[in-house]
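Heads up, query21.cif below (mmCIF, C-alpha atoms and all ligand atoms):
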```
data_structure
loop_
_atom_site.label_atom_id
_atom_site.label_comp_id
_atom_site.auth_asym_id
_atom_site.auth_seq_id
_atom_site.Cartn_x
_atom_site.Cartn_y
_atom_site.Cartn_z
CA MET A 1 37.04 135.07 -37.35
CA MET A 2 34.06 134.68 -35.05
CA ASP A 3 30.70 134.37 -36.78
CA PRO A 4 28.15 136.32 -34.74
CA LYS A 5 25.39 134.10 -36.15
CA ASP A 6 27.06 130.98 -34.84
CA PRO A 7 24.38 129.37 -32.64
CA THR A 8 27.07 127.85 -30.41
CA ILE A 9 28.21 131.26 -29.21
CA VAL A 10 26.80 132.41 -25.89
CA PRO A 11 26.43 136.14 -26.42
CA THR A 12 26.79 137.26 -22.80
CA ARG A 13 30.04 135.42 -22.30
CA ARG A 14 31.46 136.48 -25.64
CA VAL A 15 30.76 140.10 -24.95
CA VAL A 16 32.10 140.08 -21.41
CA VAL A 17 35.20 138.06 -22.18
CA GLY A 18 35.89 140.08 -25.30
CA GLY A 19 35.70 143.24 -23.24
CA ILE A 20 38.06 141.89 -20.65
CA GLY A 21 40.51 140.81 -23.30
CA ALA A 22 40.77 144.41 -24.39
CA GLY A 23 41.99 145.53 -20.98
CA LEU A 24 41.31 145.50 -17.28
CA VAL A 25 37.79 145.57 -16.01
CA GLY A 26 36.01 146.79 -12.94
CA ALA A 27 34.92 144.90 -9.86
CA SER A 28 31.54 144.06 -11.28
CA ALA A 29 32.97 142.21 -14.26
CA THR A 30 31.99 138.61 -14.47
CA LEU A 31 32.84 135.70 -16.69
CA ALA A 32 29.74 133.84 -15.70
CA GLY A 33 26.45 134.10 -13.90
CA ALA A 34 24.20 131.71 -12.06
CA GLY A 35 21.01 132.95 -13.70
CA THR A 36 20.74 130.92 -16.87
CA ALA A 37 21.59 127.55 -15.41
CA ALA A 38 18.21 126.06 -16.23
CA ALA A 39 18.78 126.68 -19.90
CA GLN A 40 22.13 124.90 -19.75
CA THR A 41 21.14 121.48 -18.56
CA GLY A 42 21.82 119.89 -21.90
CA GLN A 43 18.28 118.76 -22.57
CA GLY A 44 16.44 119.46 -25.80
CA SER A 45 19.14 121.09 -27.88
CA ALA A 46 21.01 119.72 -30.86
CA ALA A 47 23.51 122.56 -30.89
CA PRO A 48 27.02 121.58 -29.83
CA PRO A 49 28.02 122.94 -26.42
CA PRO A 50 29.65 126.35 -26.51
CA GLN A 51 32.87 124.91 -25.09
CA ALA A 52 33.10 122.79 -28.24
CA ALA A 53 33.14 125.78 -30.59
CA MET A 54 36.64 126.03 -32.06
CA GLN A 55 38.56 129.11 -31.04
CA ASN A 56 42.06 130.21 -30.16
CA PRO A 57 42.64 129.08 -26.54
CA LEU A 58 45.07 131.94 -26.00
CA GLU A 59 42.27 134.44 -26.62
CA GLN A 60 39.51 132.48 -24.92
CA TYR A 61 39.92 134.06 -21.50
CA PRO A 62 41.56 137.08 -19.86
CA LYS A 63 45.30 137.44 -19.64
CA PRO A 64 47.42 139.33 -17.14
CA PRO A 65 47.74 142.02 -15.96
CA PHE A 66 44.89 141.41 -13.51
CA PRO A 67 43.53 143.76 -10.85
CA ARG A 68 45.64 143.68 -7.70
CA GLN A 69 43.46 142.09 -5.00
CA GLN A 70 43.50 140.24 -1.74
CA GLN A 71 40.88 138.54 0.36
CA GLU A 72 40.84 136.99 3.76
CA TRP A 73 41.29 133.21 3.61
CA PRO A 74 39.47 131.11 2.41
CA GLY A 75 38.16 133.75 0.01
CA LEU A 76 35.00 133.90 -2.08
CA ALA A 77 34.63 133.54 -5.83
CA GLN A 78 31.87 136.16 -5.49
CA LYS A 79 34.36 138.72 -4.28
CA MET A 80 37.00 138.20 -6.93
CA GLU A 81 37.62 141.15 -9.13
CA LEU A 82 37.07 139.48 -12.49
CA ARG A 83 34.82 136.63 -11.44
CA PRO A 84 35.99 133.19 -12.47
CA ASP A 85 34.12 131.21 -15.11
CA HIS A 86 33.05 127.90 -13.60
CA GLY A 87 31.00 126.93 -16.65
CA GLU A 88 27.79 128.49 -15.33
CA GLU A 89 26.84 129.75 -18.80
CA SER A 90 28.67 127.28 -20.98
CA TYR A 91 28.66 123.71 -19.67
CA LYS A 92 26.19 121.48 -21.46
CA GLY A 93 25.66 117.93 -20.33
CA SER A 94 24.81 114.83 -22.31
CA GLY A 95 23.85 112.33 -19.63
CA ARG A 96 27.35 110.97 -19.11
CA LEU A 97 26.89 110.65 -15.33
CA MET A 98 23.19 109.94 -15.24
CA GLY A 99 22.08 108.79 -11.79
CA ARG A 100 25.55 108.93 -10.24
CA LYS A 101 26.10 110.23 -6.70
CA ALA A 102 29.10 112.46 -6.15
CA LEU A 103 30.83 114.09 -3.17
CA ILE A 104 33.14 117.01 -3.94
CA THR A 105 35.25 118.74 -1.30
CA GLY A 106 35.85 122.42 -1.94
CA GLY A 107 32.76 122.31 -4.15
CA ASP A 108 31.72 125.89 -3.43
CA SER A 109 34.22 127.66 -5.67
CA GLY A 110 36.96 127.28 -8.21
CA ILE A 111 37.74 123.88 -9.67
CA GLY A 112 35.38 122.05 -7.32
CA ARG A 113 32.49 124.28 -8.36
CA ALA A 114 33.26 123.66 -12.03
CA ALA A 115 33.17 119.91 -11.35
CA ALA A 116 29.91 120.25 -9.38
CA ILE A 117 28.18 122.16 -12.19
CA ALA A 118 29.44 119.75 -14.85
CA PHE A 119 28.52 116.65 -12.83
CA ALA A 120 24.99 117.93 -12.18
CA ARG A 121 24.44 118.79 -15.84
CA GLU A 122 25.66 115.29 -16.74
CA GLY A 123 22.91 113.88 -14.53
CA ALA A 124 24.62 113.33 -11.16
CA ASP A 125 23.34 114.24 -7.71
CA VAL A 126 26.03 116.20 -5.92
CA ALA A 127 27.05 116.80 -2.31
CA ILE A 128 29.52 119.61 -1.70
CA ASN A 129 31.72 120.29 1.28
CA TYR A 130 33.17 123.72 2.09
CA LEU A 131 33.97 125.90 5.07
CA PRO A 132 31.10 127.71 6.85
CA GLN A 133 32.59 131.08 5.82
CA GLU A 134 32.01 130.08 2.20
CA GLU A 135 28.23 129.74 2.52
CA PRO A 136 27.53 132.58 0.00
CA ASP A 137 29.50 130.78 -2.73
CA ALA A 138 28.04 127.41 -1.74
CA ARG A 139 24.46 128.76 -2.05
CA GLU A 140 25.12 129.64 -5.69
CA VAL A 141 26.40 126.14 -6.40
CA VAL A 142 23.41 124.52 -4.69
CA GLU A 143 21.11 126.63 -6.88
CA LEU A 144 23.01 125.66 -10.01
CA ILE A 145 22.84 121.95 -9.19
CA ARG A 146 19.10 122.22 -8.51
CA ALA A 147 18.58 124.23 -11.70
CA ALA A 148 20.10 121.26 -13.54
CA GLY A 149 17.33 119.15 -12.04
CA ARG A 150 19.58 117.24 -9.64
CA LYS A 151 19.75 116.78 -5.89
CA ALA A 152 22.18 119.15 -4.13
CA ILE A 153 23.43 118.50 -0.62
CA ALA A 154 25.39 121.19 1.23
CA LEU A 155 27.71 119.83 3.92
CA PRO A 156 29.77 122.62 5.46
CA GLY A 157 32.56 121.80 7.90
CA ASP A 158 36.29 121.70 8.50
CA ILE A 159 38.01 118.67 6.99
CA ARG A 160 41.09 119.10 9.18
CA ASP A 161 39.09 117.10 11.71
CA GLU A 162 38.93 113.32 11.27
CA ALA A 163 35.57 112.96 13.02
CA PHE A 164 34.08 115.58 10.72
CA CYS A 165 35.48 113.77 7.65
CA GLN A 166 33.73 110.59 8.76
CA LYS A 167 30.48 112.45 9.36
CA LEU A 168 30.83 114.21 6.00
CA VAL A 169 30.95 110.89 4.18
CA SER A 170 28.10 109.34 6.16
CA ASP A 171 25.94 112.46 5.63
CA ALA A 172 26.73 112.43 1.91
CA VAL A 173 25.91 108.73 1.62
CA GLU A 174 22.67 109.22 3.52
CA GLY A 175 21.64 112.32 1.58
CA LEU A 176 22.54 110.94 -1.84
CA GLY A 177 21.47 107.37 -1.17
CA GLY A 178 24.97 106.05 -1.89
CA LEU A 179 28.26 107.22 -3.35
CA ASP A 180 29.86 106.57 -6.76
CA ILE A 181 32.21 109.49 -7.28
CA LEU A 182 34.54 111.06 -4.72
CA VAL A 183 36.47 114.22 -5.60
CA ASN A 184 39.12 115.13 -3.02
CA ASN A 185 39.67 118.69 -4.12
CA ALA A 186 39.81 121.03 -1.09
CA ALA A 187 43.18 122.52 -0.30
CA LYS A 188 45.12 125.03 1.73
CA GLN A 189 47.83 127.03 -0.01
CA ALA A 190 49.66 129.74 1.93
CA SER A 191 52.59 131.44 0.21
CA GLN A 192 55.67 132.07 2.38
CA PRO A 193 58.98 133.45 1.16
CA SER A 194 61.12 131.23 3.41
CA ILE A 195 60.96 127.96 5.30
CA LEU A 196 61.64 130.14 8.34
CA ASP A 197 58.25 131.80 7.84
CA ILE A 198 56.32 128.53 7.79
CA SER A 199 54.99 127.94 11.28
CA THR A 200 54.34 124.45 12.57
CA GLU A 201 50.69 125.50 12.68
CA GLN A 202 50.67 126.34 8.96
CA PHE A 203 52.61 123.19 8.03
CA ASP A 204 50.13 121.13 10.02
CA ALA A 205 47.08 122.86 8.54
CA THR A 206 48.36 122.41 4.98
CA PHE A 207 49.00 118.71 5.51
CA LYS A 208 45.75 118.17 7.42
CA THR A 209 43.67 119.80 4.68
CA ASN A 210 45.47 118.46 1.62
CA VAL A 211 46.71 115.04 2.73
CA TYR A 212 45.13 113.80 5.97
CA ALA A 213 41.60 114.78 4.94
CA MET A 214 41.99 112.96 1.61
CA PHE A 215 43.12 109.89 3.57
CA TRP A 216 40.30 110.14 6.12
CA ILE A 217 37.56 110.87 3.58
CA THR A 218 38.68 108.14 1.18
CA LYS A 219 38.90 105.63 4.01
CA ALA A 220 35.39 106.49 5.15
CA ALA A 221 34.04 106.42 1.60
CA LEU A 222 35.56 103.14 0.47
CA PRO A 223 33.05 100.77 2.10
CA HIS A 224 30.29 102.60 0.20
CA LEU A 225 31.92 102.68 -3.25
CA PRO A 226 30.70 100.07 -5.74
CA ALA A 227 32.65 98.61 -8.65
CA GLY A 228 32.66 101.28 -11.34
CA ALA A 229 33.16 104.06 -8.81
CA SER A 230 35.74 106.76 -9.45
CA ILE A 231 37.97 108.69 -7.06
CA ILE A 232 39.55 111.90 -8.38
CA ASN A 233 42.16 113.78 -6.35
CA THR A 234 43.19 117.30 -7.28
CA SER A 235 46.98 117.55 -7.21
CA SER A 236 48.98 120.26 -9.02
CA ILE A 237 51.86 121.04 -11.34
CA GLN A 238 53.47 121.93 -7.98
CA ALA A 239 53.99 118.21 -7.39
CA TYR A 240 56.54 118.26 -10.21
CA GLU A 241 57.74 121.88 -10.41
CA PRO A 242 57.53 123.18 -6.84
CA SER A 243 57.71 126.96 -6.44
CA GLU A 244 60.08 128.35 -3.84
CA ASN A 245 57.24 130.10 -1.98
CA LEU A 246 55.01 127.02 -1.76
CA LEU A 247 57.31 124.64 0.12
CA ASP A 248 54.68 122.98 2.31
CA TYR A 249 51.87 123.06 -0.29
CA ALA A 250 54.01 121.55 -3.06
CA GLN A 251 54.95 118.63 -0.80
CA THR A 252 51.29 117.86 -0.17
CA LYS A 253 50.61 117.87 -3.91
CA ALA A 254 53.42 115.35 -4.45
CA CYS A 255 51.80 113.25 -1.69
CA ILE A 256 48.51 113.35 -3.60
CA VAL A 257 50.17 112.01 -6.75
CA ALA A 258 51.77 109.13 -4.83
CA PHE A 259 48.53 108.44 -2.94
CA THR A 260 46.62 108.32 -6.23
CA LYS A 261 49.04 105.90 -7.91
CA SER A 262 49.29 103.61 -4.89
CA LEU A 263 45.56 103.55 -4.20
CA ALA A 264 44.81 102.92 -7.89
CA LYS A 265 46.77 99.66 -7.69
CA GLN A 266 45.17 98.74 -4.38
CA LEU A 267 41.61 99.31 -5.60
CA ALA A 268 42.02 97.89 -9.10
CA PRO A 269 40.80 94.43 -8.02
CA LYS A 270 37.61 96.08 -6.72
CA GLY A 271 36.96 97.82 -10.05
CA ILE A 272 37.35 101.26 -8.48
CA ARG A 273 39.43 103.73 -10.46
CA VAL A 274 41.62 106.40 -8.86
CA ASN A 275 43.04 109.30 -10.85
CA SER A 276 44.29 112.80 -10.31
CA VAL A 277 44.01 116.14 -12.07
CA ALA A 278 47.13 118.33 -11.89
CA PRO A 279 46.24 121.93 -12.71
CA GLY A 280 48.60 124.74 -13.54
CA PRO A 281 47.64 128.32 -12.56
CA ILE A 282 43.85 128.60 -12.36
CA TRP A 283 41.85 131.75 -11.60
CA THR A 284 40.24 130.87 -8.25
CA PRO A 285 39.91 132.40 -4.74
CA LEU A 286 42.73 130.14 -3.51
CA GLN A 287 45.26 132.53 -5.03
CA PRO A 288 44.19 136.01 -3.79
CA SER A 289 43.38 134.66 -0.29
CA GLY A 290 47.00 134.00 0.65
CA GLY A 291 47.95 131.47 -2.02
CA GLN A 292 50.15 134.00 -3.78
CA PRO A 293 51.72 137.31 -2.80
CA PRO A 294 49.58 140.24 -4.12
CA ASP A 295 52.04 141.14 -6.89
CA ALA A 296 51.89 137.61 -8.24
CA ILE A 297 48.12 137.94 -8.74
CA VAL A 298 48.67 140.82 -11.16
CA SER A 299 50.84 138.65 -13.40
CA PHE A 300 49.13 135.36 -12.53
CA GLY A 301 49.51 132.82 -15.34
CA ALA A 302 51.89 134.99 -17.39
CA SER A 303 54.74 132.48 -17.24
CA VAL A 304 52.96 129.48 -18.78
CA PRO A 305 53.23 128.98 -22.56
CA PHE A 306 49.60 130.09 -23.05
CA GLY A 307 50.37 133.34 -21.19
CA ARG A 308 47.20 133.28 -19.11
CA PRO A 309 45.70 131.36 -16.19
CA GLY A 310 43.13 128.69 -16.81
CA GLN A 311 39.52 129.23 -15.78
CA PRO A 312 37.79 126.57 -13.64
CA ALA A 313 35.41 125.94 -16.56
CA GLU A 314 38.37 124.57 -18.50
CA LEU A 315 38.75 121.77 -15.93
CA GLY A 316 35.15 120.61 -15.42
CA PRO A 317 35.11 118.38 -18.51
CA THR A 318 38.19 116.44 -17.36
CA TYR A 319 36.56 115.65 -14.01
CA VAL A 320 33.52 114.41 -15.93
CA LEU A 321 35.70 112.30 -18.19
CA LEU A 322 37.58 110.69 -15.29
CA ALA A 323 34.34 110.07 -13.40
CA SER A 324 32.50 108.61 -16.37
CA GLN A 325 32.56 105.10 -17.76
CA GLU A 326 34.27 106.45 -20.87
CA THR A 327 37.60 106.20 -19.03
CA SER A 328 36.95 102.62 -17.87
CA TYR A 329 40.57 101.61 -18.62
CA VAL A 330 42.18 104.67 -16.98
CA THR A 331 43.45 104.42 -13.41
CA GLY A 332 46.50 105.68 -11.54
CA GLU A 333 46.89 108.55 -14.00
CA VAL A 334 47.63 112.19 -13.41
CA TYR A 335 45.98 114.45 -15.97
CA GLY A 336 47.77 117.78 -16.38
CA ILE A 337 45.77 120.92 -17.25
CA THR A 338 48.51 123.48 -17.28
CA GLY A 339 48.42 125.84 -20.26
CA GLY A 340 51.58 124.24 -21.57
CA ASN A 341 53.86 123.38 -18.64
CA ALA A 342 53.29 119.71 -19.16
CA THR A 343 53.39 117.19 -16.33
CA PRO A 344 55.90 114.32 -16.69
P1 LIG B 1 39.26 127.32 -4.17
O1 LIG B 1 39.68 128.25 -3.11
O2 LIG B 1 38.09 127.70 -4.99
O3 LIG B 1 38.97 125.88 -3.59
C1 LIG B 1 39.64 125.36 -2.47
C2 LIG B 1 38.57 124.95 -1.48
O4 LIG B 1 39.20 124.23 -0.42
C3 LIG B 1 37.83 126.08 -0.82
O5 LIG B 1 36.73 126.49 -1.59
C4 LIG B 1 37.42 125.48 0.50
O6 LIG B 1 36.06 125.11 0.46
C5 LIG B 1 38.26 124.23 0.63
N1 LIG B 1 38.94 124.16 1.92
C6 LIG B 1 40.11 124.71 2.28
N2 LIG B 1 40.38 124.42 3.57
C7 LIG B 1 39.34 123.67 4.02
C8 LIG B 1 39.03 123.05 5.27
N3 LIG B 1 39.88 123.14 6.31
N4 LIG B 1 37.86 122.37 5.39
C9 LIG B 1 37.00 122.28 4.34
N5 LIG B 1 37.27 122.84 3.12
C10 LIG B 1 38.42 123.52 2.98
O7 LIG B 1 40.53 127.09 -5.09
P2 LIG B 1 40.86 126.05 -6.26
O8 LIG B 1 42.04 126.62 -6.92
O9 LIG B 1 39.66 125.71 -7.02
O10 LIG B 1 41.35 124.78 -5.47
C11 LIG B 1 40.86 123.49 -5.73
C12 LIG B 1 42.01 122.52 -5.86
O11 LIG B 1 42.80 122.88 -6.99
C13 LIG B 1 42.97 122.50 -4.68
O12 LIG B 1 43.32 121.15 -4.41
C14 LIG B 1 44.18 123.22 -5.20
O13 LIG B 1 45.36 122.82 -4.55
C15 LIG B 1 44.16 122.79 -6.63
N6 LIG B 1 44.96 123.59 -7.53
C16 LIG B 1 44.66 124.89 -7.75
C17 LIG B 1 45.47 125.62 -8.60
C18 LIG B 1 45.19 127.08 -8.87
O14 LIG B 1 46.04 127.75 -9.47
N7 LIG B 1 44.07 127.61 -8.47
C19 LIG B 1 46.57 125.04 -9.22
C20 LIG B 1 46.84 123.70 -8.97
C21 LIG B 1 46.03 123.00 -8.12
MG MG B 2 35.82 128.44 -1.78
#
```

Using structure tokens, write down the structure that the file contains.
Amino acid sequence: MMDPKDPTIVPTRRVVVGGIGAGLVGASATLAGAGTAAAQTGQGSAAPPPQAAMQNPLEQYPKPPFPRQQQEWPGLAQKMELRPDHGEESYKGSGRLMGRKALITGGDSGIGRAAAIAFAREGADVAINYLPQEEPDAREVVELIRAAGRKAIALPGDIRDEAFCQKLVSDAVEGLGGLDILVNNAAKQASQPSILDISTEQFDATFKTNVYAMFWITKAALPHLPAGASIINTSSIQAYEPSENLLDYAQTKACIVAFTKSLAKQLAPKGIRVNSVAPGPIWTPLQPSGGQPPDAIVSFGASVPFGRPGQPAELGPTYVLLASQETSYVTGEVYGITGGNATP
């Protein structure tokens, strides 16, 4: 039973999430807000972070059915009916990345935003890349990073372009004064029922975004990365259990796993670690902006053993762990966060 006097409970989140758990909610419902970021920087409090309070993970966040919804690609977290929780209210840092300099692609929303918030609250300066259409989401992240007392650098642009990827890295290095952590996280996912529906243009865009950009950005970043640096690539359960409607996307996620394992061996002698996070279904704008057919959003996450999708906030801590010195002996690994459909 939840103790309402428990100091680790964040009342706003408890109330909102509890309400959602009881049924569907309206468009204004939110799992998080940007407003209280300053209070969440991890300084000056002995209380354990709210995410550490023991609770039943099945009941921690909303379950399907979800509101039917669609957005134009690439989508905005702001416009999701039932706003994702990126850890805005809950993530508390403890200096685990103090003074580090991180670049995160797709840092405006979803998993990348959760990593950006967590990194900043752990003491890192953070540069985020995103598409120009995502400026409203990116603004919120910039504010959250600054509210944590860290430097935020917004670098919009399309990573399907090699020249832009090179400029992205050099701008990040210049703005941050170096680079220690690279998170290749941006992706394109466009559901199609048949291989016959996948145009060459889509196939190309999926591979450019998910595979080529990771290659280009990593290549550009490498000369700047010191020993102790960490590269984290977001793959997916799709690398191992590809869905029939994600033929092109799933292939790119398998590429990311192989890239991670190969590069980890290559960079081991330099003392640079390379790992991957492989999420299961996570409540982000990727899904209602073409990543899934509309009906699949209603039941999104129902098929995993936990019976619900993950929230981005449930991934932030793993990105911190893989970036931090605490995982000094971990490289070439793929860390599944799947609600029970374990990775091999
Ligand atoms: P998201 O939509 O919040 O993030 C994806 C980001 O990719 C976008 O915010 C956008 O900024 C970026 N992006 C896409 N095309 C781009 C381009 N051409 N140039 C620059 N940026 C571009 O969704 P998310 O779910 O947080 O996705 C983050 C990562 O998680 C992706 O690699 C995705 O494949 C992976 N993932 C997500 C799920 C899920 O269920 N949501 C599951 C497994 C893996
Ligand atoms: Mg986005």

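Between ligand MG 2 (chain B) and the residues A:Gly149, A:Pro223, A:Pro281, A:Pro84, the shortest atom-to-atom distance, using only C-alpha atoms and all ligand atoms, involves A:Pro84.
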
Subject >> Proximity to A:Asn129 - best of A:Ala163, A:Val173, A:Ala186, A:Leu286, only C-alpha atoms >> reply: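 Closest candidate: A:Ala186.
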
Original post:
Within 8 Å of (42.4, 132.9, -16.6), all atoms listed in the file: residues as an MDAnalysis selection string?
Top reply: chainID A and resid 61:63 84 282:283 301 308:311

**OP:** Could you pull out the residues sitting within 7 Å of ligand LIG 1 (chain B), using all atoms listed in the file, and write them as number ranges by chain?
**Re:** A: 74-75, 77, 105-112, 129-131, 134, 157-160, 185-189, 209-210, 234-238, 278-287, 312

Within 7 Å of stretch 290-296 of chain A, which residues of stretch 46-94 of chain A show up? Give each one with its shortest atom-to-atom distance in Å (one decimal) and the two atoms involved, counting all atoms listed in the file, rows by chain then rising residue number, as CSV.
```
residue,atom,partner,partner_atom,distance
A:Arg68,CA,A:Pro294,CA,6.3
A:Gln69,CA,A:Pro294,CA,6.5
A:Gln70,CA,A:Pro294,CA,6.5
A:Trp73,CA,A:Gly290,CA,6.5
```

Original post:
Which one is closest to A:Gln251: A:Thr206, A:Thr327, A:Ser191, A:Ser299? Count all atoms listed in the file.
Top reply: A:Thr206

Original post:
Excluding same-chain residues fewer than 2 positions from A:His224, what lies within 8 Å of it counting only C-alpha atoms, as a VMD selection string?
Top reply: chain A and resid 173 178 to 179 221 to 222 226

Subject >> Distance in Å - atom CA of A:Ala258 versus atom CA of A:Ala313 >> reply: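 Answer for the atom CA of A:Ala258 to atom CA of A:Ala313 separation: 26.2 Å.
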
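The space between atom CA of A:Tyr212 and atom CA of A:Ala172 spans 18.9 Å.
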
**OP:** Starting from the point (28.2, 114.9, -3.8), work out which residues of protein, DNA or RNA have an atom no more than 8 Å away when counting only C-alpha atoms; state them as an NGL selection string.
**Re:** :A and (101-104 or 116 or 125-128 or 152-153 or 172 or 176 or 179 or 181-182)

**OP:** Calculate how many Å separate atom CA of A:Tyr329 from atom CA of A:Asn184, rounding to one decimal.
**Re:**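 Taking atom CA of A:Tyr329 and atom CA of A:Asn184, their separation equals 20.7 Å.
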
Axis-aligned box over every listed atom of stretch 265-281 of chain A, padded by 6 Å per side: centre and edges in Å to one decimal, as JSON?
```
{"center_x": 42.8, "center_y": 111.4, "center_z": -9.0, "size_x": 23.6, "size_y": 45.9, "size_z": 21.2}
```

**OP:** Determine the nearest neighbour of A:Phe203 from the options A:Ile231, A:Glu241, A:Leu315, A:Asp248, counting only C-alpha atoms.
**Re:**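 Closest residue, counting only C-alpha atoms: A:Asp248.
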
Original post:
Smallest atom-to-atom distance to ligand MG 2 (chain B): which of A:Gly307, A:Pro288, A:Gly339, A:Pro344, using all atoms listed in the file?
Top reply: A:Pro288

Subject >> Option closest in space to A:Ala205, from A:Ala190, A:Ala250, A:Val141, A:Leu263 [counting only C-alpha atoms] >> reply: A:Ala190

Would you list the contacts of A:Leu321 as a compact mmCIF listing (two decimals) with C-alpha atoms, in the frame of the given file, taking every protein, DNA or RNA residue within 12 Å and counting all atoms listed in the file, but skipping same-chain residues closer than 2 positions in sequence?
```
# COMPACT_ATOMS: atom_id res chain seq x y z
CA GLY A 93 25.66 117.93 -20.33
CA SER A 94 24.81 114.83 -22.31
CA GLY A 95 23.85 112.33 -19.63
CA ARG A 96 27.35 110.97 -19.11
CA LEU A 97 26.89 110.65 -15.33
CA ALA A 115 33.17 119.91 -11.35
CA ALA A 118 29.44 119.75 -14.85
CA PHE A 119 28.52 116.65 -12.83
CA GLU A 122 25.66 115.29 -16.74
CA ILE A 181 32.21 109.49 -7.28
CA SER A 230 35.74 106.76 -9.45
CA ILE A 231 37.97 108.69 -7.06
CA ILE A 232 39.55 111.90 -8.38
CA ASN A 275 43.04 109.30 -10.85
CA SER A 276 44.29 112.80 -10.31
CA VAL A 277 44.01 116.14 -12.07
CA LEU A 315 38.75 121.77 -15.93
CA GLY A 316 35.15 120.61 -15.42
CA PRO A 317 35.11 118.38 -18.51
CA THR A 318 38.19 116.44 -17.36
CA TYR A 319 36.56 115.65 -14.01
CA ALA A 323 34.34 110.07 -13.40
CA SER A 324 32.50 108.61 -16.37
CA GLN A 325 32.56 105.10 -17.76
CA GLU A 326 34.27 106.45 -20.87
CA THR A 327 37.60 106.20 -19.03
CA SER A 328 36.95 102.62 -17.87
CA TYR A 329 40.57 101.61 -18.62
CA VAL A 330 42.18 104.67 -16.98
CA TYR A 335 45.98 114.45 -15.97
```

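Counting all atoms listed in the file, A:Ile195 has the following residues at most 12 Å away, ignoring those fewer than 2 positions along the same chain: Ala190, Ser191, Gln192, Pro193, Asp197, Ile198, Ser199, Thr200, Gln202, Phe203, Glu244, Asn245, Leu246, Leu247, Asp248 and Tyr249 of chain A.
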
Writing out the chosen residues with C-alpha atoms as a PDB file, in the coordinates of the input:
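again02.pdb, written as the output of this step:
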```
ATOM      1  CA  ALA A 190      49.660 129.740   1.930  1.00  0.00           C
ATOM      2  CA  SER A 191      52.590 131.440   0.210  1.00  0.00           C
ATOM      3  CA  GLN A 192      55.670 132.070   2.380  1.00  0.00           C
ATOM      4  CA  PRO A 193      58.980 133.450   1.160  1.00  0.00           C
ATOM      5  CA  ASP A 197      58.250 131.800   7.840  1.00  0.00           C
ATOM      6  CA  ILE A 198      56.320 128.530   7.790  1.00  0.00           C
ATOM      7  CA  SER A 199      54.990 127.940  11.280  1.00  0.00           C
ATOM      8  CA  THR A 200      54.340 124.450  12.570  1.00  0.00           C
ATOM      9  CA  GLN A 202      50.670 126.340   8.960  1.00  0.00           C
ATOM     10  CA  PHE A 203      52.610 123.190   8.030  1.00  0.00           C
ATOM     11  CA  GLU A 244      60.080 128.350  -3.840  1.00  0.00           C
ATOM     12  CA  ASN A 245      57.240 130.100  -1.980  1.00  0.00           C
ATOM     13  CA  LEU A 246      55.010 127.020  -1.760  1.00  0.00           C
ATOM     14  CA  LEU A 247      57.310 124.640   0.120  1.00  0.00           C
ATOM     15  CA  ASP A 248      54.680 122.980   2.310  1.00  0.00           C
ATOM     16  CA  TYR A 249      51.870 123.060  -0.290  1.00  0.00           C
TER      17      TYR A 249
END
```
